[in-house]
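work_2.csv follows; it contains CSV, C-alpha atoms.
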```csv
chain,number,residue,atom,x,y,z
A,98,MET,CA,139.7,54.4,-226.4
A,99,TRP,CA,139.4,54.6,-230.1
A,100,LYS,CA,141.9,52.9,-232.4
A,101,LEU,CA,144.3,54.7,-234.7
A,102,ALA,CA,144.6,53.9,-238.4
A,103,THR,CA,145.9,55.3,-241.6
A,104,ALA,CA,144.5,54.4,-245.0
A,105,SER,CA,145.7,55.6,-248.4
A,106,LEU,CA,142.3,56.2,-249.9
A,107,SER,CA,142.5,58.9,-252.5
A,108,GLY,CA,144.6,60.1,-255.4
A,109,ILE,CA,145.5,63.7,-256.2
A,110,ASN,CA,143.8,65.5,-259.0
A,111,LYS,CA,146.5,67.7,-260.6
A,112,ASP,CA,143.8,69.9,-262.1
A,113,ASN,CA,142.7,70.9,-258.6
A,114,THR,CA,145.4,70.1,-256.0
A,115,ALA,CA,143.9,72.6,-253.5
A,116,ARG,CA,140.9,70.3,-252.8
A,117,ILE,CA,141.8,66.8,-251.6
A,118,GLN,CA,139.4,64.0,-250.8
A,119,LEU,CA,140.3,62.5,-247.5
A,120,PHE,CA,137.5,59.9,-247.1
A,121,PRO,CA,134.8,58.3,-249.3
A,122,ALA,CA,131.2,58.3,-248.2
A,123,GLY,CA,129.8,55.1,-246.6
A,124,TRP,CA,131.8,52.0,-245.9
A,125,PHE,CA,135.4,51.7,-247.1
A,126,GLY,CA,138.4,49.4,-246.7
A,127,ALA,CA,140.7,47.0,-248.5
A,128,PRO,CA,139.1,45.1,-251.4
A,129,SER,CA,140.5,41.9,-250.0
A,130,GLY,CA,138.5,42.3,-246.8
A,131,GLY,CA,139.7,42.8,-243.2
A,132,GLN,CA,139.1,46.1,-241.3
A,133,ARG,CA,136.4,48.3,-242.7
A,134,TRP,CA,135.4,51.8,-241.7
A,135,PHE,CA,132.3,54.0,-242.1
A,136,LEU,CA,131.7,57.7,-242.6
A,137,ASP,CA,128.4,59.5,-243.2
A,138,ALA,CA,127.2,63.1,-243.1
A,139,SER,CA,126.5,62.9,-239.3
A,140,LEU,CA,130.0,61.5,-238.5
A,141,ALA,CA,131.6,63.9,-240.9
A,142,GLN,CA,129.9,66.9,-239.3
A,143,ARG,CA,131.6,66.1,-236.0
A,144,LEU,CA,135.0,66.1,-237.8
A,145,ILE,CA,134.0,69.5,-239.4
A,146,ASP,CA,133.0,70.9,-236.1
A,147,ALA,CA,136.3,69.7,-234.5
A,148,ALA,CA,138.3,71.3,-237.3
A,149,ASN,CA,136.4,74.7,-236.9
A,150,SER,CA,137.1,74.7,-233.2
A,151,ARG,CA,140.8,74.2,-233.6
A,152,VAL,CA,143.4,77.0,-233.3
A,153,ASN,CA,146.1,75.2,-235.3
A,154,ASP,CA,145.8,73.8,-238.8
A,155,TYR,CA,146.0,70.1,-239.5
A,156,GLN,CA,149.3,68.9,-241.0
A,157,PHE,CA,150.1,67.0,-244.2
A,158,ASP,CA,153.4,65.2,-244.0
A,159,TYR,CA,155.4,62.7,-246.1
A,160,GLU,CA,154.6,59.0,-245.6
A,161,HIS,CA,153.2,59.5,-242.1
A,162,GLN,CA,156.6,60.4,-240.7
A,163,SER,CA,155.1,62.5,-238.0
A,164,LEU,CA,153.6,59.5,-236.3
A,165,ASN,CA,157.2,58.4,-235.5
A,166,ALA,CA,158.6,61.8,-235.0
A,167,PRO,CA,160.0,61.1,-231.5
A,168,GLN,CA,162.1,58.3,-232.9
A,169,ALA,CA,163.1,60.1,-236.1
A,170,SER,CA,166.8,60.7,-236.7
A,171,GLY,CA,166.2,63.9,-238.7
A,172,PRO,CA,163.6,66.6,-239.5
A,173,VAL,CA,160.0,65.6,-240.1
A,174,PRO,CA,158.9,68.3,-242.6
A,175,ALA,CA,155.3,69.1,-243.4
A,176,SER,CA,154.1,68.9,-247.0
A,177,GLY,CA,151.0,71.0,-246.5
A,178,TRP,CA,148.4,72.5,-244.1
A,179,PHE,CA,144.6,72.4,-243.9
A,180,LYS,CA,141.7,73.3,-241.7
A,181,SER,CA,138.6,73.7,-243.8
A,182,LEU,CA,136.6,70.5,-244.3
A,183,THR,CA,133.6,69.9,-246.6
A,184,TRP,CA,131.2,67.0,-246.8
A,185,VAL,CA,129.8,66.2,-250.3
A,186,GLU,CA,126.9,63.9,-250.1
A,187,GLY,CA,127.5,60.7,-252.1
A,188,GLU,CA,131.2,61.4,-252.5
A,189,GLY,CA,132.8,62.0,-249.1
A,190,LEU,CA,134.9,64.4,-247.0
A,191,PHE,CA,137.2,66.9,-248.7
A,192,ALA,CA,139.9,69.2,-247.3
A,193,ASP,CA,141.2,72.5,-248.8
A,194,VAL,CA,145.0,72.2,-248.6
A,195,LYS,CA,147.8,74.7,-248.9
A,196,TRP,CA,150.8,72.8,-250.1
A,197,THR,CA,154.4,73.7,-249.4
A,198,GLU,CA,156.4,74.8,-252.4
A,199,ARG,CA,158.4,71.5,-252.3
A,200,ALA,CA,155.3,69.3,-252.0
A,201,ALA,CA,153.6,71.2,-254.8
A,202,SER,CA,156.5,70.5,-257.1
A,203,LEU,CA,156.6,66.8,-256.1
A,204,ILE,CA,152.9,66.4,-256.9
A,205,GLN,CA,153.3,68.1,-260.2
A,206,ALA,CA,156.3,65.8,-261.0
A,207,ASP,CA,154.2,62.8,-260.1
A,208,GLU,CA,156.6,61.9,-257.3
A,209,TYR,CA,153.6,61.7,-255.0
A,210,ARG,CA,150.2,60.7,-256.2
A,211,TYR,CA,148.1,59.7,-253.2
A,212,VAL,CA,146.9,61.0,-249.9
A,213,SER,CA,146.4,59.0,-246.7
A,214,PRO,CA,144.5,60.4,-243.6
A,215,THR,CA,145.3,59.3,-240.1
A,216,PHE,CA,142.2,58.9,-238.0
A,217,ARG,CA,140.6,57.2,-235.0
A,218,TYR,CA,137.7,54.9,-235.1
A,219,ASP,CA,135.4,53.0,-232.6
A,220,GLU,CA,134.6,49.4,-232.3
A,221,GLN,CA,131.9,49.6,-234.9
A,222,GLY,CA,134.3,51.1,-237.4
A,223,ASN,CA,132.8,54.6,-237.3
A,224,VAL,CA,135.4,57.3,-238.1
A,225,ARG,CA,135.5,59.5,-234.9
A,226,GLU,CA,138.6,61.7,-235.1
A,227,LEU,CA,140.9,63.1,-237.8
A,228,VAL,CA,144.5,63.3,-236.7
A,229,ASN,CA,146.4,64.5,-239.8
A,230,ALA,CA,147.2,63.3,-243.4
A,231,ALA,CA,150.2,62.3,-245.5
A,232,LEU,CA,151.4,62.2,-249.1
A,233,THR,CA,152.1,58.6,-250.0
A,234,ASN,CA,152.6,56.4,-253.0
A,235,MET,CA,150.8,53.4,-251.6
A,236,PRO,CA,147.3,53.4,-253.1
A,237,VAL,CA,144.5,51.7,-251.2
A,238,LEU,CA,141.0,51.7,-252.3
A,239,ASP,CA,139.2,51.3,-255.6
A,240,GLY,CA,136.3,53.5,-256.4
A,241,MET,CA,137.8,56.9,-255.4
A,242,ARG,CA,139.1,59.6,-257.6
A,243,GLN,CA,142.0,58.3,-259.7
A,244,VAL,CA,142.8,55.7,-257.1
A,245,ALA,CA,143.7,52.2,-257.0
A,246,ALA,CA,144.0,49.3,-255.0
A,247,SER,CA,145.6,48.1,-251.8
A,248,LEU,CA,145.6,49.0,-248.2
A,249,MET,CA,148.3,50.4,-245.9
A,250,PHE,CA,147.1,49.9,-242.3
A,251,PHE,CA,148.8,51.4,-239.3
A,252,ASP,CA,148.2,50.2,-235.8
A,253,ASN,CA,149.9,52.0,-232.9
A,254,GLY,CA,148.8,49.5,-230.3
A,255,GLU,CA,146.0,51.5,-228.9
A,256,LYS,CA,143.0,49.4,-227.8
A,257,PRO,CA,139.6,50.9,-228.2
A,258,MET,CA,137.4,51.3,-225.2
A,259,ASN,CA,134.8,48.7,-224.6
A,260,GLU,CA,131.5,50.2,-225.7
A,261,ASN,CA,129.6,49.0,-222.7
A,262,LEU,CA,132.2,50.5,-220.4
A,263,ARG,CA,132.1,53.8,-222.3
A,264,LEU,CA,128.3,53.9,-221.9
A,265,ALA,CA,128.6,53.1,-218.2
A,266,LEU,CA,131.1,55.8,-217.7
A,267,CYS,CA,129.0,58.3,-219.5
A,268,ALA,CA,126.0,57.4,-217.2
A,269,ILE,CA,128.2,57.7,-214.1
A,270,MET,CA,129.7,61.0,-215.1
A,271,GLY,CA,126.4,62.5,-216.3
A,272,LEU,CA,127.6,62.7,-219.9
A,273,LYS,CA,125.6,62.2,-223.1
A,274,GLN,CA,125.8,58.7,-224.6
A,275,GLU,CA,127.7,60.0,-227.6
A,276,ALA,CA,130.5,61.4,-225.4
A,277,ASP,CA,133.9,60.3,-226.6
A,278,GLU,CA,136.9,59.0,-224.6
A,279,ALA,CA,138.4,62.5,-224.4
A,280,ALA,CA,135.2,63.9,-222.8
A,281,ILE,CA,135.1,61.0,-220.3
A,282,GLN,CA,138.8,61.6,-219.5
A,283,THR,CA,138.1,65.3,-218.9
A,284,ALA,CA,135.1,64.6,-216.6
A,285,LEU,CA,137.2,62.1,-214.6
A,286,GLU,CA,140.0,64.6,-214.2
A,287,ASP,CA,137.5,67.2,-213.0
A,288,LEU,CA,136.1,64.7,-210.5
A,289,GLN,CA,139.5,63.9,-209.2
A,290,ASN,CA,140.8,67.4,-209.0
A,291,ASN,CA,137.7,69.0,-207.5
A,292,GLN,CA,135.0,66.9,-205.9
A,293,LEU,CA,137.2,64.1,-204.6
A,294,LYS,CA,139.8,66.6,-203.3
A,295,GLU,CA,137.2,68.8,-201.6
A,296,ALA,CA,135.7,65.8,-199.9
A,297,ASN,CA,139.2,64.4,-199.0
A,298,CYS,CA,138.3,61.2,-200.8
A,299,SER,CA,140.6,59.0,-202.9
A,300,SER,CA,137.9,57.3,-205.0
A,301,ILE,CA,134.3,57.5,-206.1
A,302,GLY,CA,133.4,54.8,-203.7
A,303,ALA,CA,134.8,56.8,-200.8
A,304,LEU,CA,132.9,59.9,-202.0
A,305,ILE,CA,129.7,57.9,-202.1
A,306,ASP,CA,130.4,56.6,-198.6
A,307,ALA,CA,131.0,60.2,-197.4
A,308,HIS,CA,127.7,61.4,-198.9
A,309,LYS,CA,125.9,58.4,-197.3
A,310,ALA,CA,127.4,59.4,-193.9
A,311,GLN,CA,126.2,63.0,-194.4
A,312,LEU,CA,122.7,61.8,-195.3
A,313,THR,CA,122.6,59.5,-192.2
A,314,ALA,CA,123.6,62.4,-190.0
A,315,LYS,CA,120.9,64.6,-191.4
A,316,ASP,CA,118.3,61.9,-191.0
A,317,GLN,CA,119.4,61.4,-187.4
A,318,ALA,CA,119.1,65.1,-186.7
A,319,ILE,CA,115.6,65.2,-188.2
A,320,GLN,CA,114.6,62.2,-186.1
A,321,GLU,CA,115.8,63.8,-182.9
A,322,GLY,CA,113.9,67.0,-183.8
A,323,GLN,CA,110.7,65.1,-184.4
A,324,THR,CA,111.2,63.2,-181.1
A,325,LYS,CA,111.6,66.5,-179.2
A,326,ILE,CA,108.5,67.9,-180.9
A,327,ALA,CA,106.5,64.8,-179.9
A,328,ALA,CA,107.7,65.1,-176.3
A,329,LEU,CA,106.7,68.7,-176.1
A,330,SER,CA,103.3,68.0,-177.6
A,331,ALA,CA,102.7,65.2,-175.2
A,332,ALA,CA,103.6,67.4,-172.2
A,333,GLN,CA,101.1,70.0,-173.3
A,334,THR,CA,98.2,67.6,-173.7
A,335,GLY,CA,97.6,67.1,-169.9
A,336,ALA,CA,95.4,69.3,-167.6
A,337,PRO,CA,97.0,72.7,-166.9
A,338,ASP,CA,98.5,73.2,-163.5
A,339,PRO,CA,96.3,75.9,-161.7
A,340,THR,CA,99.3,77.1,-159.8
A,341,LYS,CA,101.1,78.0,-163.0
A,342,PHE,CA,98.2,79.1,-165.2
A,343,VAL,CA,95.4,81.7,-164.7
A,344,PRO,CA,92.1,81.3,-166.6
A,345,VAL,CA,91.6,83.8,-169.5
A,346,ALA,CA,88.4,85.1,-168.0
A,347,VAL,CA,90.2,86.1,-164.8
A,348,VAL,CA,92.9,87.9,-166.8
A,349,ASP,CA,90.2,89.7,-168.9
A,350,ASP,CA,88.4,90.8,-165.7
A,351,LEU,CA,91.6,92.1,-164.2
A,352,ARG,CA,92.5,93.9,-167.4
A,353,ASN,CA,89.0,95.6,-167.4
A,354,GLU,CA,89.3,96.6,-163.8
A,355,LEU,CA,92.7,98.1,-164.3
A,356,ALA,CA,91.4,100.0,-167.3
A,357,SER,CA,88.5,101.3,-165.4
A,358,LEU,CA,90.7,102.3,-162.4
A,359,SER,CA,93.1,104.0,-164.7
A,360,SER,CA,90.3,105.9,-166.4
A,361,GLN,CA,88.9,107.0,-163.0
A,362,ILE,CA,92.3,108.1,-161.8
A,363,GLN,CA,92.9,110.0,-165.0
A,364,GLY,CA,89.5,111.7,-164.6
A,365,ASP,CA,90.2,112.7,-161.0
A,366,LYS,CA,93.5,114.3,-162.1
A,367,VAL,CA,91.8,116.2,-164.9
A,368,GLU,CA,89.0,117.5,-162.6
A,369,THR,CA,91.5,118.5,-159.9
A,370,LEU,CA,93.6,120.4,-162.4
A,371,LEU,CA,90.6,122.1,-164.0
A,372,THR,CA,89.2,123.2,-160.6
A,373,ALA,CA,92.5,124.8,-159.7
A,374,ALA,CA,92.8,126.5,-163.1
A,375,LEU,CA,89.2,127.8,-163.0
A,376,SER,CA,89.7,129.3,-159.6
A,377,ASP,CA,92.7,131.4,-160.7
A,378,GLY,CA,91.4,132.4,-164.1
A,379,ARG,CA,93.7,130.2,-166.3
A,380,VAL,CA,90.6,128.3,-167.6
A,381,MET,CA,87.3,130.0,-168.4
A,382,LYS,CA,84.0,128.2,-167.9
A,383,GLY,CA,82.2,127.1,-171.0
A,384,ALA,CA,83.9,125.9,-174.2
A,385,ASP,CA,87.4,126.4,-172.8
A,386,GLU,CA,86.7,124.2,-169.9
A,387,ASP,CA,85.0,121.5,-172.0
A,388,ASN,CA,87.8,121.4,-174.6
A,389,LEU,CA,90.5,121.0,-172.0
A,390,ARG,CA,88.5,118.3,-170.1
A,391,GLU,CA,88.2,116.2,-173.4
A,392,LEU,CA,91.9,116.7,-174.1
A,393,GLY,CA,92.8,115.6,-170.5
A,394,LYS,CA,91.0,112.3,-170.9
A,395,SER,CA,93.2,111.3,-173.9
A,396,ASN,CA,96.4,113.2,-173.1
A,397,TYR,CA,96.7,114.5,-169.6
A,398,ALA,CA,100.3,115.6,-170.0
A,399,LEU,CA,99.4,117.9,-173.0
A,400,MET,CA,96.5,119.4,-171.1
A,401,GLU,CA,98.7,120.0,-168.1
A,402,LYS,CA,101.3,121.7,-170.2
A,403,MET,CA,98.8,123.9,-172.0
A,404,ILE,CA,97.3,125.1,-168.7
A,405,GLY,CA,100.7,125.5,-167.2
A,406,THR,CA,101.7,128.1,-169.9
A,407,ARG,CA,98.7,130.3,-169.0
A,408,LYS,CA,99.1,133.0,-166.4
A,409,PRO,CA,96.6,133.3,-163.5
A,410,ILE,CA,94.3,136.4,-163.4
A,411,LYS,CA,95.4,138.0,-160.1
A,412,ALA,CA,92.1,139.8,-159.5
A,413,LEU,CA,90.1,136.6,-159.8
A,414,SER,CA,92.6,134.8,-157.5
A,415,GLN,CA,92.1,137.6,-154.9
A,416,LEU,CA,88.4,137.3,-155.1
A,417,GLN,CA,88.5,133.8,-153.7
A,418,SER,CA,91.7,134.0,-151.5
A,419,ASP,CA,91.2,137.5,-150.0
A,420,GLY,CA,87.4,137.2,-149.4
A,421,MET,CA,86.3,139.7,-152.0
A,422,THR,CA,82.6,139.6,-152.9
A,423,PHE,CA,80.3,141.0,-155.5
A,424,GLU,CA,78.1,144.0,-154.5
A,425,GLY,CA,74.4,143.3,-154.7
A,426,GLY,CA,71.5,145.7,-155.3
A,427,ARG,CA,68.2,145.9,-153.4
A,428,ASP,CA,66.8,143.0,-155.4
A,429,ASN,CA,69.8,140.9,-154.3
A,430,SER,CA,71.3,140.9,-157.9
A,431,VAL,CA,75.0,140.9,-158.2
A,432,GLU,CA,76.7,144.2,-159.2
A,433,LEU,CA,80.3,144.3,-160.5
A,434,ASN,CA,82.6,147.2,-159.7
A,435,ALA,CA,84.7,148.9,-162.3
A,436,GLU,CA,87.7,146.8,-161.7
A,437,GLN,CA,85.8,143.5,-162.1
A,438,LEU,CA,84.1,144.8,-165.3
A,439,ALA,CA,87.5,145.7,-166.8
A,440,ILE,CA,88.7,142.1,-166.2
A,441,CYS,CA,85.7,140.7,-167.9
A,442,SER,CA,86.1,143.0,-170.8
A,443,GLN,CA,89.8,142.0,-171.1
A,444,PHE,CA,88.8,138.3,-171.6
A,445,GLY,CA,85.7,139.0,-173.8
A,446,ASN,CA,83.2,138.0,-171.1
A,447,THR,CA,80.1,139.8,-169.8
A,448,ALA,CA,79.1,140.3,-166.2
A,449,GLU,CA,76.5,137.6,-166.6
A,450,ASP,CA,79.3,135.1,-167.6
A,451,LEU,CA,81.1,135.8,-164.4
A,452,THR,CA,78.1,136.0,-161.9
A,453,GLY,CA,75.9,133.4,-163.6
A,454,GLU,CA,72.9,135.8,-163.6
A,455,LYS,CA,70.9,136.9,-166.6
A,456,LYS,CA,69.1,140.2,-166.9
```
For the file at hand, write its structure as structure tokens.
Amino acid sequence: MWKLATASLSGINKDNTARIQLFPAGWFGAPSGGQRWFLDASLAQRLIDAANSRVNDYQFDYEHQSLNAPQASGPVPASGWFKSLTWVEGEGLFADVKWTERAASLIQADEYRYVSPTFRYDEQGNVRELVNAALTNMPVLDGMRQVAASLMFFDNGEKPMNENLRLALCAIMGLKQEADEAAIQTALEDLQNNQLKEANCSSIGALIDAHKAQLTAKDQAIQEGQTKIAALSAAQTGAPDPTKFVPVAVVDDLRNELASLSSQIQGDKVETLLTAALSDGRVMKGADEDNLRELGKSNYALMEKMIGTRKPIKALSQLQSDGMTFEGGRDNSVELNAEQLAICSQFGNTAEDLTGEKK
């Protein structure tokens, strides 16, 4: 935890009361020795950034009365307000102040001549945080604008955090090394309100033990899985049981025999259907028969459906079922009668296509 101090460091320039020097550059403190503080551009930039991120303005009061406001018996009025901070290299940190009407008149009447910032600092004396500032008549430090000479030092009893402890907490909480006590406090509160509560743990040690238990359980589960895999692998390394396994060659032979038998059965079904369809005129010899035979080999159901939609030729059916014959001439050639020739003409066939003879 940083320590709190006030130091009357600067006088007020009546020619420009709107711009007030809060801190000098470099090391500063009482001429007689004792506590000294340090501020450079890097440290000042942190104060500037903090001021820019604030919603409310910083307060100027009278004689640091706001530090004891809870115990004050009466009002603790402000003397001015500021928010904008500017670092001037080689000179220090300045604030642009808007004074109250009363404070402005007191300054012009020389009733108040000096300013005193309230700030926090670390163990090395580095200025870390600006709290507020006050009008005072107790000058402190030589070497600043129109200022003089002694030191008013305020200590509210706060003890700065040990630097080694701060660095250790930053490492534990995953914070940057320059994180201040406020950031550490925020991280600790987040840990307590979220991770510890979710894990139902009351301390970081208990949380670590819970994580160790989870890791142990996971390791045990992995080990059990590896043991089961090893057991299965060992069981499969022995000679196969002939009563439970069939050689691949035997399976392949059976598969080939089944395929051959299936093809043979399919072929028999195709030929049986074609024979019946040829006999009743639903299929014509030649290209029609060949096309349907090829279709039947790959898709018997479709072939059967196509033949089923065709109507038998009654006359051809009667030729075979009723014993009708072709009439032959004296040279034993086949002669078709008028009815038979009409049937051939209907299907685009010649007499030779039906009798199988050529003239």
Residue among A:Ala328, A:Thr313, A:Met400, A:Ala230 lying closest to Ser163 in chain A, counting only C-alpha atoms: A:Ala230
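Coordinates place CA of Tyr159 in chain A at a distance of 24.1 Å from CA of Arg133 in chain A.
Among the candidates A:Glu188, A:Asp219, A:Glu354, A:Asp158, the one nearest to Glu278 in chain A when counting all atoms listed in the file is A:Asp219.
Note that the spacing between CA of Ala398 in chain A and CA of Ile362 in chain A amounts to 13.7 Å.
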Residues within 6 Å of range 135-142 of chain A, all atoms listed in the file, excluding chain neighbours under 5 positions, as a VMD selection string: chain A and resid 122 to 124 222 to 224
Among the residues A:Trp134, A:Gly171, A:Asp387, A:Gln323, the one that comes closest to Glu220 in chain A [using all atoms listed in the file]: A:Trp134
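Among the candidates A:Gln205, A:Thr283, A:Ser357, A:Asn165, the one nearest to Asn113 in chain A when counting all atoms listed in the file is A:Gln205.
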Among listed residues A:Lys111, A:Lys273, A:Arg379, A:Arg143, nearest Leu182 in chain A (using all atoms listed in the file): A:Arg143
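Once Leu144 in chain A and its same-chain neighbours fewer than 6 positions away are set aside, A:Leu119, A:Phe120, A:Leu136, A:Asp137, A:Ala138, A:Ser150, A:Arg151, A:Tyr155, A:Lys180, A:Ser181, A:Leu182, A:Thr183, A:Trp184, A:Leu190, A:Phe191, A:Ala192, A:Phe216, A:Arg217, A:Tyr218, A:Asn223, A:Val224, A:Arg225, A:Glu226, A:Leu227, A:Val228, A:Asn229 remain within 12 Å of it when counting all atoms listed in the file.
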